[in-house]
>>> print(open('work05.txt').read())   # compact mmCIF, C-alpha atoms
# COMPACT_ATOMS: atom_id res chain seq x y z
CA MET A 1035 122.33 102.71 114.54
CA LYS A 1036 121.27 106.30 114.09
CA LEU A 1037 120.14 107.10 110.58
CA ASP A 1038 121.87 110.21 109.31
CA LYS A 1039 118.88 111.48 107.39
CA LYS A 1040 120.38 114.81 106.37
CA LYS A 1041 123.40 113.07 104.86
CA ILE A 1042 121.21 110.63 102.90
CA LEU A 1043 118.92 113.36 101.59
CA GLU A 1044 122.03 115.29 100.55
CA LYS A 1045 123.49 112.21 98.81
CA TYR A 1046 120.40 111.94 96.57
CA ARG A 1047 119.88 115.66 96.08
CA GLU A 1048 120.38 115.38 92.33
CA GLU A 1049 117.89 112.51 91.92
CA ALA A 1050 115.42 114.23 94.22
CA SER A 1051 115.43 117.13 91.74
CA PHE A 1052 113.44 114.99 89.34
CA HIS A 1053 110.30 117.12 89.60
CA GLY A 1054 112.36 120.28 90.05
CA LYS A 1055 115.39 121.41 91.99
CA LEU A 1056 114.38 122.64 95.42
CA ASP A 1057 115.04 126.32 95.95
CA TYR A 1058 115.97 127.42 99.45
CA GLY A 1059 114.96 130.50 101.39
CA THR A 1060 112.91 131.84 104.26
CA TYR A 1061 109.14 131.85 104.73
CA GLU A 1062 109.21 135.55 103.79
CA ASP A 1063 110.91 134.63 100.49
CA ALA A 1064 108.25 131.98 99.94
CA LEU A 1065 105.42 134.46 100.43
CA LYS A 1066 106.95 136.67 97.73
CA PHE A 1067 106.87 133.66 95.42
CA VAL A 1068 103.08 133.29 95.67
CA GLY A 1069 101.54 134.13 92.27
CA ARG A 1070 104.42 132.72 90.19
CA THR A 1071 103.39 130.62 87.18
CA ALA A 1072 104.87 127.87 85.00
CA LYS A 1073 103.82 126.07 81.82
CA SER A 1074 104.23 122.44 80.78
CA GLU A 1075 103.30 120.52 77.67
CA MET A 1076 103.43 116.88 76.69
CA GLU A 1077 106.28 115.74 74.48
CA ASP A 1078 104.10 113.23 72.63
CA PRO A 1079 100.38 112.51 72.53
CA ILE A 1080 98.78 110.20 75.10
CA ASP A 1081 99.33 106.60 74.00
CA LEU A 1082 97.41 103.40 74.57
CA PHE A 1083 100.32 101.45 75.98
CA ARG A 1084 100.78 103.92 78.82
CA VAL A 1085 97.06 103.85 79.49
CA LYS A 1086 97.14 100.05 79.79
CA GLN A 1087 100.19 100.14 82.07
CA PHE A 1088 98.34 102.47 84.39
CA CYS A 1089 95.21 100.30 84.43
CA GLU A 1090 97.42 97.29 85.08
CA LEU A 1091 98.81 99.07 88.13
CA VAL A 1092 95.49 99.81 89.83
CA GLU A 1093 93.83 96.69 88.36
CA ASP A 1094 91.19 98.73 86.56
CA ALA A 1095 89.04 96.52 84.30
CA ASN A 1096 87.05 99.44 82.87
CA LEU A 1097 86.06 98.44 79.30
CA ALA A 1098 86.73 101.99 78.13
CA TYR A 1099 90.47 101.29 78.39
CA TRP A 1100 90.61 97.65 77.26
CA ASP A 1101 88.09 97.39 74.45
CA GLU A 1102 89.09 99.78 71.67
CA GLU A 1103 86.01 99.01 69.59
CA PHE A 1104 83.71 99.75 72.50
CA ALA A 1105 85.51 103.01 73.25
CA LYS A 1106 85.61 104.16 69.64
CA ARG A 1107 81.91 103.44 69.19
CA LYS A 1108 81.13 105.53 72.23
CA TRP A 1109 83.58 108.41 72.07
CA GLY A 1110 85.50 108.03 68.82
CA ALA A 1111 88.73 107.29 70.70
CA VAL A 1112 90.03 105.50 73.78
CA PRO A 1113 89.71 107.80 76.79
CA CYS A 1114 92.67 108.40 79.08
CA PRO A 1115 92.15 107.53 82.74
CA PRO A 1116 91.52 110.93 84.32
CA ALA A 1117 93.96 110.09 87.11
CA MET A 1118 96.83 110.15 84.57
CA LEU A 1119 96.51 113.91 84.04
CA ARG A 1120 100.04 114.74 85.20
CA VAL A 1121 101.71 111.49 84.18
CA PHE A 1122 102.52 112.66 80.66
CA VAL A 1123 104.38 115.79 81.74
CA MET A 1124 106.79 113.97 84.05
CA ARG A 1125 110.18 115.42 83.22
CA PRO A 1126 112.56 113.30 81.17
CA ILE A 1127 115.75 112.11 82.85
CA TRP A 1128 117.73 112.20 79.64
CA ARG A 1129 117.24 113.39 76.07
CA PRO A 1130 119.79 114.04 73.32
CA LYS A 1131 120.99 117.63 73.44
CA TYR A 1132 119.50 118.42 70.02
CA TYR A 1133 116.08 117.08 70.97
CA LYS A 1134 113.74 119.97 71.75
CA LYS A 1135 110.25 118.44 71.83
CA GLY A 1136 107.92 119.17 74.72
CA ARG A 1137 108.22 121.69 77.47
CA TYR A 1138 108.85 120.42 80.95
CA SER A 1139 108.76 123.09 83.58
CA GLU A 1140 110.16 122.22 86.91
CA TRP A 1141 107.18 121.54 89.15
CA ILE A 1142 106.59 125.02 90.52
CA ALA A 1143 105.80 123.76 94.04
CA PHE A 1144 109.47 122.69 94.22
CA LYS A 1145 110.68 126.16 93.30
CA VAL A 1146 109.15 127.93 96.30
CA PRO A 1147 112.12 129.10 98.41
CA LEU A 1148 111.85 127.47 101.86
CA PRO A 1149 114.16 125.81 104.41
CA GLY A 1150 112.80 122.22 104.07
CA ASP A 1151 115.11 119.67 102.45
CA THR A 1152 112.46 117.29 101.09
CA VAL A 1153 108.80 117.08 100.06
CA ILE A 1154 105.81 114.77 100.14
CA ASN A 1155 102.49 115.25 98.41
CA VAL A 1156 99.46 115.48 100.72
CA GLU A 1157 96.34 116.62 98.93
CA ASN A 1158 94.96 116.69 95.40
CA GLU A 1159 91.67 117.87 93.95
CA VAL A 1160 90.75 117.84 90.28
CA THR A 1161 87.57 119.10 88.64
CA TYR A 1162 87.16 117.64 85.16
CA HIS A 1163 85.31 119.45 82.39
CA ALA A 1164 85.78 116.96 79.57
CA ARG A 1165 87.24 113.55 78.86
CA PHE A 1166 90.64 113.48 77.18
CA PHE A 1167 91.81 110.71 74.89
CA VAL A 1168 94.61 108.66 73.45
CA GLY A 1169 96.06 110.95 70.78
CA ASP A 1170 95.44 114.16 72.71
CA LYS A 1171 98.23 116.45 73.80
CA LEU A 1172 97.65 118.49 76.93
CA THR A 1173 99.26 121.60 78.29
CA ALA A 1174 99.23 122.86 81.86
CA GLU A 1175 99.47 126.33 83.31
CA GLU A 1176 100.31 126.23 86.95
CA LYS A 1177 100.40 128.83 89.71
CA VAL A 1178 101.50 128.96 93.36
CA VAL A 1179 98.50 130.23 95.33
CA ASP A 1180 99.42 129.71 98.98
CA VAL A 1181 102.26 128.87 101.37
CA SER A 1182 101.26 128.04 104.95
CA GLU A 1183 103.06 129.10 108.11
CA GLU A 1184 105.36 126.50 109.60
CA LYS A 1185 103.49 123.41 110.87
CA ASP A 1186 104.72 120.54 112.99
CA THR A 1187 103.76 117.06 111.72
CA ALA A 1188 104.72 113.44 112.32
CA LEU A 1189 107.24 113.68 109.45
CA GLY A 1190 108.81 116.94 110.57
CA LYS A 1191 108.37 120.72 110.56
CA GLY A 1192 107.55 122.46 107.35
CA HIS A 1193 105.20 124.40 105.11
CA PHE A 1194 102.22 123.40 102.99
CA ILE A 1195 102.37 124.74 99.43
CA THR A 1196 99.19 125.02 97.38
CA THR A 1197 99.26 125.23 93.59
CA VAL A 1198 96.53 125.31 90.96
CA ALA A 1199 96.86 124.07 87.39
CA TYR A 1200 94.69 124.54 84.32
CA TRP A 1201 94.88 121.69 81.81
CA ARG A 1202 93.92 122.23 78.18
CA ASN A 1203 93.83 119.94 75.16
CA GLN A 1204 95.35 120.70 71.75
CA ARG A 1205 92.22 122.67 70.77
CA GLY A 1206 92.63 124.94 73.79
CA GLU A 1207 89.61 123.47 75.57
CA LEU A 1208 89.84 123.40 79.36
CA VAL A 1209 89.70 119.73 80.39
CA ALA A 1210 90.63 119.96 84.06
CA GLU A 1211 91.39 122.27 86.94
CA GLU A 1212 93.72 120.89 89.56
CA ARG A 1213 94.52 122.02 93.08
CA ASN A 1214 97.43 120.34 94.82
CA VAL A 1215 99.04 120.64 98.27
CA ILE A 1216 102.59 119.52 98.88
CA PHE A 1217 104.43 119.43 102.23
CA ARG A 1218 107.96 120.82 102.17
CA PHE A 1219 109.72 119.77 105.35
CA LYS A 1220 112.89 119.08 107.27
CA SER A 1221 113.04 115.40 108.03
CA ARG A 1222 112.84 114.70 111.76
CA ASP A 1223 116.04 113.41 113.39
CA GLU A 1224 115.77 110.03 115.11
CA ASP A 1225 116.18 111.59 118.58
CA ASP A 1226 113.80 114.51 117.99
CA MET B 472 81.44 88.64 75.57
CA THR B 473 81.52 89.10 79.32
CA GLU B 474 78.34 90.51 80.79
CA PHE B 475 78.80 93.54 83.02
CA LYS B 476 76.18 94.64 85.49
CA TYR B 477 76.53 98.19 86.69
CA LYS B 478 74.27 100.18 88.94
CA THR B 479 72.21 102.82 87.17
CA TRP B 480 71.51 106.12 88.87
CA ASP B 481 67.96 104.99 89.60
CA GLU B 482 69.24 101.88 91.36
CA VAL B 483 71.81 103.68 93.52
CA GLU B 484 70.86 104.43 97.09
CA GLU B 485 72.56 106.63 99.64
CA GLY B 486 74.59 104.41 101.96
CA ASP B 487 75.27 101.75 99.31
CA VAL B 488 78.62 100.07 99.81
CA ILE B 489 80.26 100.00 96.37
CA ALA B 490 83.69 98.61 97.23
CA GLU B 491 85.29 96.54 99.93
CA PHE B 492 88.52 94.81 99.00
CA GLU B 493 92.15 94.43 99.96
CA MET B 494 95.30 94.81 97.94
CA ASP B 495 98.84 93.71 98.75
CA ILE B 496 101.30 96.52 98.23
CA THR B 497 104.32 94.46 97.33
CA PHE B 498 107.71 95.88 96.42
CA ARG B 499 106.81 95.03 92.83
CA LYS B 500 103.57 97.00 93.07
CA VAL B 501 105.46 100.14 94.10
CA ILE B 502 107.96 99.64 91.26
CA GLN B 503 105.04 99.05 88.89
CA ASN B 504 103.75 102.40 90.18
CA VAL B 505 107.00 104.08 89.07
CA VAL B 506 106.93 102.34 85.69
CA ALA B 507 103.29 103.23 85.00
CA THR B 508 103.58 106.88 86.01
CA ARG B 509 107.25 107.63 85.29
CA ASP B 510 107.49 109.32 88.67
CA PHE B 511 111.19 109.04 89.45
CA PHE B 512 111.12 110.96 92.71
CA PRO B 513 113.46 108.78 94.85
CA GLY B 514 110.93 108.22 97.66
CA HIS B 515 109.13 105.89 95.25
CA HIS B 516 112.09 103.71 94.18
CA ASN B 517 114.91 104.20 96.69
CA PRO B 518 114.35 102.66 100.16
CA GLU B 519 117.29 104.54 101.67
CA TYR B 520 115.83 107.86 100.57
CA ALA B 521 112.32 106.89 101.74
CA ARG B 522 113.70 106.02 105.19
CA ALA B 523 115.54 109.33 105.37
CA GLN B 524 112.18 110.96 104.71
CA GLY B 525 110.76 109.10 107.70
CA VAL B 526 108.90 106.38 105.74
CA GLU B 527 109.68 102.65 106.28
CA ASN B 528 110.10 101.79 102.61
CA ILE B 529 109.48 103.08 99.09
CA TYR B 530 105.88 104.25 98.92
CA LEU B 531 102.96 104.74 96.55
CA ASN B 532 102.53 108.04 94.75
CA THR B 533 99.58 110.37 94.25
CA PHE B 534 98.59 108.90 90.86
CA PHE B 535 98.10 105.49 92.40
CA TYR B 536 95.46 106.78 94.80
CA ALA B 537 93.72 108.81 92.10
CA GLY B 538 93.62 105.78 89.79
CA LEU B 539 92.42 103.40 92.46
CA ILE B 540 89.69 105.81 93.58
CA ASP B 541 88.41 106.19 90.00
CA ARG B 542 88.49 102.43 89.58
CA VAL B 543 86.22 102.02 92.62
CA VAL B 544 83.73 104.36 90.94
CA THR B 545 83.75 102.80 87.48
CA ASP B 546 83.80 99.21 88.86
CA ALA B 547 80.44 100.04 90.43
CA PHE B 548 78.83 102.35 87.88
CA GLY B 549 80.47 101.39 84.59
CA PRO B 550 82.47 103.20 81.90
CA ASP B 551 79.73 105.70 81.02
CA VAL B 552 79.89 107.75 84.20
CA PHE B 553 82.00 110.89 84.27
CA ILE B 554 84.36 111.63 87.16
CA LYS B 555 83.46 115.26 87.71
CA ARG B 556 85.55 115.98 90.77
CA ARG B 557 87.93 113.87 92.84
CA LYS B 558 89.40 115.21 96.02
CA PHE B 559 91.66 113.30 98.38
CA ARG B 560 94.09 113.69 101.23
CA MET B 561 97.01 111.39 101.91
CA LEU B 562 97.44 110.96 105.64
CA VAL B 563 100.18 108.37 106.05
CA PRO B 564 102.36 106.99 103.25
CA VAL B 565 101.75 103.41 102.08
CA PRO B 566 105.11 101.65 101.81
CA ALA B 567 106.09 98.48 100.01
CA GLU B 568 105.40 95.25 101.94
CA SER B 569 102.15 96.52 103.38
CA LYS B 570 98.50 95.86 102.65
CA ILE B 571 95.65 98.25 102.00
CA ALA B 572 91.92 97.89 102.45
CA VAL B 573 89.68 99.93 100.18
CA PHE B 574 86.12 100.98 101.07
CA GLY B 575 83.68 102.88 98.93
CA ARG B 576 80.23 104.13 99.87
CA VAL B 577 77.61 106.38 98.32
CA ARG B 578 77.15 109.43 100.53
CA ARG B 579 74.59 111.39 98.50
CA LYS B 580 72.48 111.06 95.41
CA PHE B 581 71.14 114.24 93.85
CA ILE B 582 70.67 116.29 90.70
CA ILE B 583 73.03 119.22 90.10
CA ASN B 584 72.55 121.49 87.09
CA GLY B 585 70.25 118.88 85.60
CA LYS B 586 72.92 116.19 85.95
CA ARG B 587 72.15 112.96 87.74
CA THR B 588 74.97 112.86 90.26
CA VAL B 589 76.25 110.87 93.21
CA LEU B 590 78.83 111.77 95.82
CA VAL B 591 81.01 108.82 96.82
CA ASP B 592 83.36 108.45 99.79
CA VAL B 593 86.41 106.26 99.31
CA SER B 594 88.81 105.43 102.07
CA ILE B 595 92.06 103.53 101.87
CA LEU B 596 93.40 102.00 105.06
CA ARG B 597 96.81 100.64 105.89
CA ARG B 598 95.98 97.24 107.36
CA ASP B 599 99.27 96.76 109.21
CA ARG B 600 98.90 100.06 111.04
CA HIS B 601 95.13 100.26 111.27
CA ALA B 602 95.56 103.78 109.94
CA GLN B 603 93.69 105.80 107.34
CA ALA B 604 96.13 106.31 104.50
CA CYS B 605 93.87 108.22 102.15
CA VAL B 606 90.38 109.72 102.31
CA ALA B 607 88.60 110.76 99.17
CA GLU B 608 85.33 112.10 97.89
CA VAL B 609 84.28 111.83 94.28
CA LEU B 610 81.49 113.60 92.48
CA VAL B 611 80.21 111.32 89.74
CA GLU B 612 77.92 112.30 86.87
CA PHE B 613 75.72 109.70 85.21
CA PRO B 614 74.79 109.94 81.53
CA ASP B 615 71.42 111.46 80.63
CA ALA B 616 68.45 109.14 81.06
CA SER B 617 67.70 109.20 77.32
CA THR B 618 71.09 107.79 76.29
>>> encode(input="work05.txt", output="structure tokens")
Amino acid sequence: MKLDKKKILEKYREEASFHGKLDYGTYEDALKFVGRTAKSEMEDPIDLFRVKQFCELVEDANLAYWDEEFAKRKWGAVPCPPAMLRVFVMRPIWRPKYYKKGRYSEWIAFKVPLPGDTVINVENEVTYHARFFVGDKLTAEEKVVDVSEEKDTALGKGHFITTVAYWRNQRGELVAEERNVIFRFKSRDEDD
Amino acid sequence: MTEFKYKTWDEVEEGDVIAEFEMDITFRKVIQNVVATRDFFPGHHNPEYARAQGVENIYLNTFFYAGLIDRVVTDAFGPDVFIKRRKFRMLVPVPAESKIAVFGRVRRKFIINGKRTVLVDVSILRRDRHAQACVAEVLVEFPDAST
């Protein structure tokens, strides 16, 4: 049976807006979008339980995350796995209307106007300047720096969007610089 | 207390294999991935959506790779090293009900800006497809010799 991909993607359009609602337009519109910025901040400080959940996922036995005494002796606090950088600014699905903590920008890569009806992440590069810890609260400033011409891939035709983000802790110190590339594409039909 | 033996910078040699293991990517693992990262993009929890994207099943997200790559580094060199830069490309998605093989190797050992550093290559393969799923390089700084 032929999979009606367009129909399925349309059916979950709302849920697929989790990182941000896709904006539609032409490649020319997208080029005009280059240079746009967005800010995000964590709602609550990094917490140990989330750190452990993440280590549980990748089966990371690093003492820094499991032995609080060891970590506190060394750094004064339990470090956060550097890979979790963006985890704490994932947008909430629901909050009470009166609740105003945190600032969750839509992920700016999703806001670039283009024809593609879905996305997949393809490349990530982070340069770290300092460790960050349980109890820290980070903010990110993000910018669209490039949109490629249309490319044909195994998944479908689309554009590669490059963004950069600067991550700072609550003292304003730069802890990480991130460069990310996302592929915004039209899913290939079964008979294509 | 458990004894840990990590390689010091002096002991590391270019070409050293630092990781070689497999991991089953079960449906639960991919759901665990959602739970641990709160990434509710439907490709990671909704098989119908993943298939409409052209992927066989719900698939791992970017954080998983980043975390696994860092784990390869600290499993070998211990908690004191600093991940200075991690760069990776995701080539084919890794869906639930597949298996990955993880390889890590030291490409270079050098001193940059007075820091004792190694450059590590990590590659993650999809066993069922014999395909590279993710290729990474990580720049790792070791603590100063005096500490």
>>> closest_atom_pairs(input="work05.txt", of="chain B", to="chain A", cutoff="7 Å", atoms="only C-alpha atoms", output="Markdown table")
| residue | atom | partner | partner_atom | distance |
| --- | --- | --- | --- | --- |
| B:Gln503 | CA | A:Leu1091 | CA | 6.3 |
| B:Asn504 | CA | A:Leu1091 | CA | 6.3 |
| B:Ala507 | CA | A:Phe1088 | CA | 5.0 |
| B:Thr508 | CA | A:Val1121 | CA | 5.3 |
| B:Arg509 | CA | A:Met1124 | CA | 6.5 |
| B:Asp510 | CA | A:Met1124 | CA | 6.6 |
| B:Phe511 | CA | A:Phe1052 | CA | 6.4 |
| B:Phe512 | CA | A:Ala1050 | CA | 5.6 |
| B:Pro513 | CA | A:Ala1050 | CA | 5.8 |
| B:Tyr520 | CA | A:Leu1043 | CA | 6.4 |
| B:Ala523 | CA | A:Lys1039 | CA | 4.5 |
| B:Gln524 | CA | A:Ser1221 | CA | 5.6 |
| B:Gly525 | CA | A:Leu1189 | CA | 6.0 |
| B:Phe534 | CA | A:Ala1117 | CA | 6.1 |
| B:Phe535 | CA | A:Val1092 | CA | 6.8 |
| B:Ala537 | CA | A:Ala1117 | CA | 5.2 |
| B:Gly538 | CA | A:Ala1117 | CA | 5.1 |
| B:Leu539 | CA | A:Val1092 | CA | 5.4 |
| B:Arg542 | CA | A:Asp1094 | CA | 5.5 |
| B:Thr545 | CA | A:Asn1096 | CA | 6.6 |
| B:Asp546 | CA | A:Asn1096 | CA | 6.8 |
| B:Pro550 | CA | A:Ala1098 | CA | 5.8 |
| B:Ile554 | CA | A:Tyr1162 | CA | 6.9 |
| B:Lys555 | CA | A:Tyr1162 | CA | 5.1 |
| B:Arg556 | CA | A:Thr1161 | CA | 4.3 |
| B:Arg557 | CA | A:Val1160 | CA | 5.5 |
| B:Lys558 | CA | A:Glu1159 | CA | 4.1 |
| B:Phe559 | CA | A:Asn1158 | CA | 5.6 |
| B:Arg560 | CA | A:Glu1157 | CA | 4.4 |
| B:Met561 | CA | A:Val1156 | CA | 4.9 |
| B:Leu562 | CA | A:Val1156 | CA | 7.0 |
>>> residues_near_point(input="work05.txt", point="(79.7, 101.0, 90.8)", cutoff="6 Å", atoms="all atoms listed in the file", output="ChimeraX atom specification")
/B:477-478,489,544-548
>>> atom_distance(input="work05.txt", atom1="CA of Pro518 (chain B)", atom2="CA of Lys570 (chain B)")
17.4 Å
>>> closest_residue(input="work05.txt", among="B:Asn584, B:Arg522, B:Leu531, B:Glu493", to="Val506 (chain B)", atoms="all atoms listed in the file")
B:Leu531
>>> atom_distance(input="work05.txt", atom1="CA of Asn1203 (chain A)", atom2="CA of Lys1073 (chain A)")
13.5 Å
>>> axis_aligned_box(input="work05.txt", around="region 557-564 of chain B", padding_each_side="4 Å", output="JSON")
{"center_x": 95.1, "center_y": 111.1, "center_z": 99.4, "size_x": 22.4, "size_y": 16.2, "size_z": 21.2}
>>> residues_around(input="work05.txt", residues="Gln603 (chain B)", least_positions_apart="5", cutoff="8 Å", atoms="only C-alpha atoms", output="list of chain:residue names")
B:Leu562, B:Val563, B:Ser594, B:Ile595, B:Leu596, B:Arg597
>>> closest_residue(input="work05.txt", among="B:Arg576, B:Lys476, B:His516, B:His601", to="Glu491 (chain B)", atoms="only C-alpha atoms")
B:Arg576
>>> atom_distance(input="work05.txt", atom1="CA of Ala607 (chain B)", atom2="CA of Glu1183 (chain A)")
25.0 Å
>>> residues_near_point(input="work05.txt", point="(103.0, 123.4, 79.6)", cutoff="9 Å", atoms="all atoms listed in the file", output="NGL selection string")
:A and (1072-1076 or 1123 or 1136-1139 or 1172-1176 or 1201)
>>> closest_residue(input="work05.txt", among="B:Asp481, B:Asp551, B:Glu608, B:Asp495", to="Arg587 (chain B)", atoms="only C-alpha atoms")
B:Asp481
>>> residues_around(input="work05.txt", residues="Pro1147 (chain A)", least_positions_apart="6", cutoff="9 Å", atoms="all atoms listed in the file", output="PyMOL selection string")
chain A and resi 1056-1065+1067
